[in-house]
file final25.pdb (PDB, C-alpha atoms and all ligand atoms)
ATOM      1  CA  MET X  15       0.000   0.000   0.000
ATOM      2  CA  SER X  16       1.376   3.444  -0.836
ATOM      3  CA  PRO X  17       1.321   6.196   1.760
ATOM      4  CA  SER X  18      -1.669   8.466   1.771
ATOM      5  CA  ILE X  19      -1.064  12.179   2.283
ATOM      6  CA  ARG X  20      -3.905  14.385   3.466
ATOM      7  CA  PRO X  21      -3.594  18.138   4.155
ATOM      8  CA  ILE X  22      -4.538  19.213   7.686
ATOM      9  CA  HIS X  23      -3.996  23.005   7.449
ATOM     10  CA  PRO X  24      -5.216  25.607   4.924
ATOM     11  CA  VAL X  25      -1.701  26.628   3.822
ATOM     12  CA  PHE X  26       0.721  23.713   4.405
ATOM     13  CA  VAL X  27       1.172  20.545   6.564
ATOM     14  CA  ALA X  28      -0.243  17.102   5.748
ATOM     15  CA  GLU X  29      -0.705  13.857   7.653
ATOM     16  CA  ALA X  30       0.928  10.798   6.132
ATOM     17  CA  SER X  31      -0.833   7.504   6.861
ATOM     18  CA  ASP X  32      -0.766   3.934   5.580
ATOM     19  CA  ILE X  33       2.936   3.834   6.247
ATOM     20  CA  ASP X  34       5.148   2.126   8.824
ATOM     21  CA  VAL X  35       8.158   4.338   9.411
ATOM     22  CA  GLY X  36       9.970   1.499  11.186
ATOM     23  CA  THR X  37      10.310  -0.667   8.081
ATOM     24  CA  PRO X  38      12.412  -0.127   4.931
ATOM     25  CA  LEU X  39      10.583   1.959   2.327
ATOM     26  CA  SER X  40      10.286   1.231  -1.383
ATOM     27  CA  PRO X  41      11.625   3.846  -3.831
ATOM     28  CA  ALA X  42       8.001   4.629  -4.728
ATOM     29  CA  ASP X  43       7.149   5.283  -1.060
ATOM     30  CA  VAL X  44      10.163   7.556  -0.685
ATOM     31  CA  ALA X  45       9.211   9.450  -3.855
ATOM     32  CA  ALA X  46       5.637   9.886  -2.564
ATOM     33  CA  LEU X  47       6.858  11.259   0.768
ATOM     34  CA  GLU X  48       9.374  13.594  -0.913
ATOM     35  CA  ALA X  49       6.614  14.884  -3.176
ATOM     36  CA  GLY X  50       4.454  15.409  -0.072
ATOM     37  CA  MET X  51       7.295  17.337   1.564
ATOM     38  CA  ASP X  52       7.829  19.492  -1.508
ATOM     39  CA  ARG X  53       4.154  20.404  -1.531
ATOM     40  CA  TYR X  54       3.232  20.605   2.175
ATOM     41  CA  ALA X  55       6.669  21.195   3.804
ATOM     42  CA  VAL X  56       5.593  19.408   7.019
ATOM     43  CA  LEU X  57       4.395  15.792   7.306
ATOM     44  CA  VAL X  58       2.856  14.343  10.472
ATOM     45  CA  TYR X  59       2.944  10.594  11.152
ATOM     46  CA  ARG X  60       0.909   9.162  14.034
ATOM     47  CA  ASP X  61       1.459   6.035  16.143
ATOM     48  CA  GLN X  62       5.032   5.359  15.031
ATOM     49  CA  HIS X  63       6.746   3.750  18.023
ATOM     50  CA  ILE X  64      10.294   3.388  16.759
ATOM     51  CA  THR X  65      13.817   2.898  18.058
ATOM     52  CA  ASP X  66      16.735   5.231  17.390
ATOM     53  CA  GLU X  67      18.074   2.758  14.827
ATOM     54  CA  GLN X  68      14.735   2.749  12.984
ATOM     55  CA  GLN X  69      14.594   6.538  13.071
ATOM     56  CA  MET X  70      18.075   6.854  11.573
ATOM     57  CA  ALA X  71      17.293   4.228   8.909
ATOM     58  CA  PHE X  72      14.058   6.033   7.962
ATOM     59  CA  SER X  73      15.880   9.368   7.762
ATOM     60  CA  THR X  74      18.606   8.131   5.435
ATOM     61  CA  HIS X  75      15.965   7.419   2.783
ATOM     62  CA  PHE X  76      16.002  11.190   2.225
ATOM     63  CA  GLY X  77      19.734  11.882   2.285
ATOM     64  CA  ASN X  78      22.757  11.658   4.542
ATOM     65  CA  LEU X  79      22.475  12.329   8.245
ATOM     66  CA  GLU X  80      23.940  15.674   9.210
ATOM     67  CA  ASN X  81      27.051  15.652  11.396
ATOM     68  CA  SER X  82      25.836  17.264  14.625
ATOM     69  CA  ARG X  83      29.251  18.672  15.558
ATOM     70  CA  GLY X  84      29.254  22.412  16.045
ATOM     71  CA  GLY X  85      25.548  22.597  16.875
ATOM     72  CA  THR X  86      25.638  22.442  20.659
ATOM     73  CA  ILE X  87      27.616  23.239  23.780
ATOM     74  CA  ALA X  88      27.017  19.680  25.069
ATOM     75  CA  ARG X  89      30.242  17.899  26.031
ATOM     76  CA  ALA X  90      30.881  14.189  25.642
ATOM     77  CA  GLU X  91      29.847  13.539  29.250
ATOM     78  CA  ASP X  92      26.501  15.329  28.615
ATOM     79  CA  ARG X  93      25.631  12.975  25.759
ATOM     80  CA  ARG X  94      22.607  10.744  26.323
ATOM     81  CA  LEU X  95      22.136   9.446  22.763
ATOM     82  CA  GLN X  96      24.372   7.827  20.182
ATOM     83  CA  VAL X  97      26.038   9.691  17.307
ATOM     84  CA  GLY X  98      23.471  10.439  14.604
ATOM     85  CA  MET X  99      20.729  11.326  17.093
ATOM     86  CA  ASN X 100      20.123  14.952  18.161
ATOM     87  CA  ASP X 101      18.913  15.061  21.739
ATOM     88  CA  VAL X 102      16.258  17.745  22.036
ATOM     89  CA  SER X 103      14.939  16.450  25.338
ATOM     90  CA  ASN X 104      15.316  18.221  28.684
ATOM     91  CA  LEU X 105      17.181  15.231  30.110
ATOM     92  CA  ALA X 106      20.636  14.575  31.525
ATOM     93  CA  PRO X 107      22.412  11.253  30.841
ATOM     94  CA  ASN X 108      20.967   9.971  34.166
ATOM     95  CA  GLY X 109      17.482  10.318  32.637
ATOM     96  CA  ARG X 110      16.424  13.141  34.948
ATOM     97  CA  PRO X 111      15.482  16.672  33.846
ATOM     98  CA  LEU X 112      18.494  19.005  33.659
ATOM     99  CA  GLU X 113      19.011  21.311  36.632
ATOM    100  CA  ARG X 114      17.467  24.755  36.316
ATOM    101  CA  ASP X 115      20.815  26.531  36.033
ATOM    102  CA  ALA X 116      22.506  23.889  33.840
ATOM    103  CA  ARG X 117      24.227  25.729  31.003
ATOM    104  CA  LEU X 118      23.016  23.143  28.493
ATOM    105  CA  ARG X 119      19.407  23.674  29.579
ATOM    106  CA  LEU X 120      19.747  27.434  29.181
ATOM    107  CA  PHE X 121      21.342  26.988  25.756
ATOM    108  CA  ASN X 122      18.553  24.638  24.690
ATOM    109  CA  LEU X 123      15.924  27.235  25.617
ATOM    110  CA  GLY X 124      16.957  28.856  22.323
ATOM    111  CA  ASN X 125      14.766  26.219  20.639
ATOM    112  CA  MET X 126      11.814  28.252  21.885
ATOM    113  CA  LEU X 127      12.780  31.032  19.458
ATOM    114  CA  TRP X 128      11.555  30.752  15.862
ATOM    115  CA  HIS X 129      14.337  29.169  13.829
ATOM    116  CA  SER X 130      15.309  26.888  10.991
ATOM    117  CA  ASP X 131      17.516  23.968  12.073
ATOM    118  CA  SER X 132      21.198  24.350  11.228
ATOM    119  CA  SER X 133      20.825  27.729   9.529
ATOM    120  CA  PHE X 134      24.076  28.426  11.409
ATOM    121  CA  ARG X 135      25.877  25.918   9.142
ATOM    122  CA  ALA X 136      27.365  26.901   5.788
ATOM    123  CA  ILE X 137      25.384  24.029   4.271
ATOM    124  CA  PRO X 138      22.120  24.155   6.213
ATOM    125  CA  ALA X 139      19.833  21.189   6.860
ATOM    126  CA  LYS X 140      17.284  19.727   4.486
ATOM    127  CA  TYR X 141      14.796  17.840   6.687
ATOM    128  CA  SER X 142      14.405  17.411  10.422
ATOM    129  CA  ILE X 143      12.589  14.354  11.747
ATOM    130  CA  LEU X 144      11.376  14.589  15.332
ATOM    131  CA  SER X 145      10.071  11.613  17.284
ATOM    132  CA  ALA X 146       8.059  11.973  20.494
ATOM    133  CA  ARG X 147       9.186   9.314  22.978
ATOM    134  CA  VAL X 148       7.936  10.928  26.198
ATOM    135  CA  VAL X 149       5.452  13.796  25.948
ATOM    136  CA  ASN X 150       5.531  16.454  28.651
ATOM    137  CA  PRO X 151       2.222  16.812  30.553
ATOM    138  CA  VAL X 152       2.062  20.611  30.192
ATOM    139  CA  GLY X 153       2.712  22.626  27.026
ATOM    140  CA  GLY X 154       5.600  21.783  24.713
ATOM    141  CA  ASN X 155       3.685  22.202  21.452
ATOM    142  CA  THR X 156       5.830  22.710  18.393
ATOM    143  CA  GLU X 157       4.736  25.472  16.022
ATOM    144  CA  PHE X 158       5.596  25.713  12.336
ATOM    145  CA  ALA X 159       5.386  28.727  10.025
ATOM    146  CA  ASP X 160       5.261  28.516   6.227
ATOM    147  CA  MET X 161       7.996  30.733   4.815
ATOM    148  CA  ARG X 162       6.737  30.360   1.227
ATOM    149  CA  ALA X 163       3.288  31.701   2.041
ATOM    150  CA  ALA X 164       4.949  34.451   4.095
ATOM    151  CA  TYR X 165       7.150  35.416   1.144
ATOM    152  CA  ASP X 166       4.232  35.373  -1.298
ATOM    153  CA  ALA X 167       2.265  37.738   0.963
ATOM    154  CA  LEU X 168       4.990  40.434   1.081
ATOM    155  CA  ASP X 169       4.374  43.648  -0.840
ATOM    156  CA  ALA X 170       6.397  44.282  -3.995
ATOM    157  CA  ASP X 171       8.619  46.953  -2.399
ATOM    158  CA  THR X 172       9.659  44.630   0.420
ATOM    159  CA  LYS X 173      10.332  41.801  -2.023
ATOM    160  CA  ALA X 174      12.581  44.128  -4.037
ATOM    161  CA  LEU X 175      14.353  45.374  -0.905
ATOM    162  CA  ILE X 176      15.265  41.911   0.370
ATOM    163  CA  GLU X 177      15.823  40.123  -2.942
ATOM    164  CA  ASP X 178      19.610  39.897  -2.756
ATOM    165  CA  LEU X 179      20.261  40.415   0.951
ATOM    166  CA  ILE X 180      22.665  38.098   2.741
ATOM    167  CA  CYS X 181      22.310  37.461   6.485
ATOM    168  CA  GLU X 182      24.878  36.194   8.935
ATOM    169  CA  HIS X 183      23.674  33.365  11.179
ATOM    170  CA  SER X 184      25.215  32.057  14.407
ATOM    171  CA  LEU X 185      24.076  30.213  17.512
ATOM    172  CA  MET X 186      25.649  33.124  19.394
ATOM    173  CA  TYR X 187      23.050  35.498  17.884
ATOM    174  CA  SER X 188      20.026  33.398  18.886
ATOM    175  CA  ARG X 189      21.388  32.678  22.377
ATOM    176  CA  GLY X 190      22.690  36.235  22.670
ATOM    177  CA  SER X 191      19.129  37.496  22.247
ATOM    178  CA  LEU X 192      18.296  35.536  25.434
ATOM    179  CA  GLY X 193      21.183  37.154  27.307
ATOM    180  CA  MET X 194      23.530  34.211  26.937
ATOM    181  CA  VAL X 195      26.716  35.907  25.802
ATOM    182  CA  ASP X 196      29.637  34.053  27.407
ATOM    183  CA  TYR X 197      31.431  31.470  25.271
ATOM    184  CA  THR X 198      34.821  29.818  25.360
ATOM    185  CA  GLU X 199      37.325  30.517  22.589
ATOM    186  CA  GLU X 200      36.608  27.074  21.175
ATOM    187  CA  GLU X 201      32.856  27.751  21.129
ATOM    188  CA  ARG X 202      33.355  31.157  19.475
ATOM    189  CA  GLU X 203      35.326  29.465  16.729
ATOM    190  CA  MET X 204      32.700  26.709  16.371
ATOM    191  CA  PHE X 205      29.839  29.246  16.257
ATOM    192  CA  ARG X 206      31.514  31.609  13.784
ATOM    193  CA  PRO X 207      28.764  33.265  11.683
ATOM    194  CA  VAL X 208      27.904  31.868   8.251
ATOM    195  CA  ARG X 209      26.186  33.609   5.363
ATOM    196  CA  GLN X 210      22.718  32.756   4.074
ATOM    197  CA  ARG X 211      20.480  34.358   1.488
ATOM    198  CA  LEU X 212      17.381  35.989   2.977
ATOM    199  CA  VAL X 213      15.273  34.799   0.043
ATOM    200  CA  ARG X 214      15.828  31.268  -1.138
ATOM    201  CA  THR X 215      14.393  29.164  -3.920
ATOM    202  CA  HIS X 216      13.355  25.551  -3.430
ATOM    203  CA  PRO X 217      15.510  23.297  -5.626
ATOM    204  CA  VAL X 218      12.579  21.104  -6.740
ATOM    205  CA  THR X 219       9.495  23.306  -6.844
ATOM    206  CA  GLY X 220      11.205  26.625  -7.621
ATOM    207  CA  ARG X 221       9.070  28.325  -4.947
ATOM    208  CA  ARG X 222      10.669  31.231  -3.156
ATOM    209  CA  SER X 223      10.639  31.568   0.586
ATOM    210  CA  LEU X 224      11.916  33.776   3.370
ATOM    211  CA  TYR X 225      14.930  32.197   5.003
ATOM    212  CA  LEU X 226      14.490  33.544   8.510
ATOM    213  CA  SER X 227      15.827  32.168  11.784
ATOM    214  CA  SER X 228      16.612  33.558  15.225
ATOM    215  CA  HIS X 229      20.220  32.638  14.373
ATOM    216  CA  ALA X 230      20.261  35.534  11.869
ATOM    217  CA  GLY X 231      21.867  38.510  13.587
ATOM    218  CA  THR X 232      23.268  40.796  10.896
ATOM    219  CA  ILE X 233      22.783  41.632   7.237
ATOM    220  CA  VAL X 234      25.869  42.159   5.109
ATOM    221  CA  GLY X 235      26.350  45.860   4.284
ATOM    222  CA  MET X 236      23.624  47.099   6.669
ATOM    223  CA  PRO X 237      24.053  48.707  10.103
ATOM    224  CA  THR X 238      23.168  46.117  12.751
ATOM    225  CA  PRO X 239      20.193  47.914  14.382
ATOM    226  CA  GLU X 240      18.660  48.519  10.950
ATOM    227  CA  ALA X 241      19.200  44.860  10.041
ATOM    228  CA  ARG X 242      17.662  43.637  13.270
ATOM    229  CA  ILE X 243      14.594  45.850  12.902
ATOM    230  CA  LEU X 244      14.090  44.560   9.359
ATOM    231  CA  LEU X 245      14.518  40.957  10.484
ATOM    232  CA  ARG X 246      12.148  41.521  13.406
ATOM    233  CA  ASP X 247       9.508  42.986  11.067
ATOM    234  CA  LEU X 248       9.872  40.063   8.665
ATOM    235  CA  ASN X 249       9.615  37.572  11.529
ATOM    236  CA  GLU X 250       6.444  39.223  12.820
ATOM    237  CA  HIS X 251       4.973  39.113   9.340
ATOM    238  CA  ALA X 252       5.994  35.494   8.753
ATOM    239  CA  THR X 253       4.630  34.121  12.018
ATOM    240  CA  GLN X 254       1.107  35.524  11.827
ATOM    241  CA  PRO X 255      -1.441  32.881  12.837
ATOM    242  CA  ARG X 256      -2.584  32.359   9.231
ATOM    243  CA  PHE X 257       0.869  30.989   8.333
ATOM    244  CA  VAL X 258       1.256  28.856  11.495
ATOM    245  CA  TYR X 259       0.405  25.240  12.337
ATOM    246  CA  VAL X 260       0.476  24.187  16.008
ATOM    247  CA  HIS X 261       1.397  20.566  16.655
ATOM    248  CA  THR X 262       0.133  19.051  19.911
ATOM    249  CA  TRP X 263       2.291  16.000  20.557
ATOM    250  CA  ARG X 264       1.141  12.459  21.301
ATOM    251  CA  ARG X 265       3.599   9.728  22.188
ATOM    252  CA  GLY X 266       4.607   7.963  18.970
ATOM    253  CA  ASP X 267       4.173  11.035  16.761
ATOM    254  CA  ILE X 268       6.812  11.820  14.187
ATOM    255  CA  VAL X 269       6.891  15.195  12.520
ATOM    256  CA  MET X 270       9.163  15.757   9.558
ATOM    257  CA  TRP X 271       9.740  19.244   8.167
ATOM    258  CA  ASP X 272      11.677  20.924   5.403
ATOM    259  CA  ASN X 273      13.984  23.512   6.973
ATOM    260  CA  ARG X 274      14.312  25.200   3.590
ATOM    261  CA  GLN X 275      10.604  26.076   3.630
ATOM    262  CA  VAL X 276       9.471  26.484   7.247
ATOM    263  CA  MET X 277      10.541  27.868  10.617
ATOM    264  CA  HIS X 278       9.566  26.270  13.901
ATOM    265  CA  ARG X 279       9.737  26.749  17.657
ATOM    266  CA  VAL X 280       8.816  24.786  20.770
ATOM    267  CA  ARG X 281       6.609  26.382  23.428
ATOM    268  CA  ARG X 282       7.295  26.385  27.154
ATOM    269  CA  TYR X 283       6.518  23.246  29.150
ATOM    270  CA  ASP X 284       6.894  21.829  32.669
ATOM    271  CA  GLU X 285      10.640  21.342  32.925
ATOM    272  CA  SER X 286      10.403  19.450  36.202
ATOM    273  CA  GLN X 287       8.881  16.617  34.126
ATOM    274  CA  PRO X 288      10.624  14.705  31.314
ATOM    275  CA  ARG X 289      10.171  15.612  27.660
ATOM    276  CA  ASP X 290      12.020  13.087  25.542
ATOM    277  CA  MET X 291      12.129  14.217  21.932
ATOM    278  CA  ARG X 292      14.716  12.824  19.521
ATOM    279  CA  ARG X 293      15.674  14.388  16.231
ATOM    280  CA  THR X 294      17.477  13.156  13.196
ATOM    281  CA  THR X 295      18.611  15.700  10.642
ATOM    282  CA  VAL X 296      18.976  15.131   6.922
ATOM    283  CA  ALA X 297      21.878  17.186   5.583
ATOM    284  CA  GLY X 298      21.392  19.762   2.874
ATOM    285  CA  ASP X 299      23.436  19.603  -0.294
ATOM    286  CA  ALA X 300      24.465  23.185  -1.064
ATOM    287  CA  PRO X 301      25.161  26.541   0.599
ATOM    288  CA  THR X 302      22.687  29.376  -0.062
ATOM    289  CA  ALA X 303      25.436  31.992  -0.344
ATOM    290  CA  ALA X 304      29.190  32.267  -0.834
ATOM    291  CA  GLN X 305      31.113  32.293   2.456
ATOM    292  CA  VAL X 306      33.945  34.630   3.324
ATOM    293  CA  ALA X 307      37.273  32.828   3.369
TER
HETATM  294 FE    FE S 401      14.785  23.153  15.944
END
call {"tool": "encode", "arguments": {"input": "final25.pdb", "output": "structure tokens"}}
result
Amino acid sequence: MSPSIRPIHPVFVAEASDIDVGTPLSPADVAALEAGMDRYAVLVYRDQHITDEQQMAFSTHFGNLENSRGGTIARAEDRRLQVGMNDVSNLAPNGRPLERDARLRLFNLGNMLWHSDSSFRAIPAKYSILSARVVNPVGGNTEFADMRAAYDALDADTKALIEDLICEHSLMYSRGSLGMVDYTEEEREMFRPVRQRLVRTHPVTGRRSLYLSSHAGTIVGMPTPEARILLRDLNEHATQPRFVYVHTWRRGDIVMWDNRQVMHRVRRYDESQPRDMRRTTVAGDAPTAAQVA
């Protein structure tokens, strides 16, 4: 049986059913899901109770797994999951919620800002695939915003203004906006800003979209306050309720999104209780802009 894909939002997002994510997919299944992603940008799968190995195997149908190095301040002794899995839980390796003042917890709060995964990498991510293993009892919804619809709805003057702008993205910009400004020399080097186009074009559909992210902190050739006001305006525009889908998690849900077409954020939850969410990331294949040497 081939997967069925049914839209669940007026602008984007579909639910994929008649598919078992834990088993190898046929080329036709993969093509159907990729086509669903190109059209809807976010696919929701329900009742998929999978292991980390199954999640990684499913993800590699869509490309190589991204190397997670450079995306976190977590040290080896903080690691709870194997290489290939991004831990976006609130848990320490002992399985208990991180302490309130744990630096890693504070860093991870940046996921509550609107962003696109890995926009701080010179070659940013293609898909993210997030599996709900333990759902928090209070809050913790993930929200998605359609950056194609947001681009389409801009006025002509704004489109012309931003057409060729290049932003600089860094984890230090997103965390800096939360008041987290102290980094080691090694972290500063790891989080060195990268350049991304502000308007990008989808390689398959040709649709244009705003490439926004809280990691974007400057625009090349523009004074920083002016750049940040422009980015703030664009973010407000792009995250209006009409462009947003709110996902309320159930255990066993998988949500897969195209970071080239949407932004997302998690909402606050009860951090005294576990929230075990595990992400795999499918690497992108090209930069959006030339980097400085
Ligand atoms: Fe994220």
call {"tool": "closest_residue", "arguments": {"input": "final25.pdb", "among": "X:Glu200, X:Asp43, X:Asp160, X:Asp169", "to": "X:Arg221", "atoms": "only C-alpha atoms"}}
result
X:Asp160
call {"tool": "residues_near_ligand", "arguments": {"input": "final25.pdb", "ligand": "ligand FE 401 (chain S)", "cutoff": "12 Å", "atoms": "all atoms listed in the file", "output": "PyMOL selection string"}}
result
chain X and resi 85-86+100-103+122-134+139+141-144+156-158+185+188+227-229+269-273+276-281+291-295
call {"tool": "closest_residue", "arguments": {"input": "final25.pdb", "among": "X:Ser73, X:Ser18, X:Gln68, X:Asn78", "to": "X:Ala297", "atoms": "all atoms listed in the file"}}
result
X:Asn78
call {"tool": "atom_distance", "arguments": {"input": "final25.pdb", "atom1": "atom CA of X:Pro107", "atom2": "atom CA of X:His183"}}
result
29.6 Å
call {"tool": "residues_around", "arguments": {"input": "final25.pdb", "residues": "stretch 149-155 of chain X", "least_positions_apart": "2", "cutoff": "8 Å", "atoms": "all atoms listed in the file", "output": "number ranges by chain"}}
result
X: 146-147, 157, 260-265, 280-284, 287-291
call {"tool": "residues_around", "arguments": {"input": "final25.pdb", "residues": "X:Phe121", "least_positions_apart": "4", "cutoff": "8 Å", "atoms": "all atoms listed in the file", "output": "short mmCIF file (atom, residue, chain, number, x, y, z; two decimals) with C-alpha atoms, in the coordinates of the input"}}
result
data_model
loop_
_atom_site.label_atom_id
_atom_site.label_comp_id
_atom_site.auth_asym_id
_atom_site.auth_seq_id
_atom_site.Cartn_x
_atom_site.Cartn_y
_atom_site.Cartn_z
CA ILE X 87 27.62 23.24 23.78
CA ARG X 117 24.23 25.73 31.00
CA ARG X 189 21.39 32.68 22.38
CA MET X 194 23.53 34.21 26.94
#
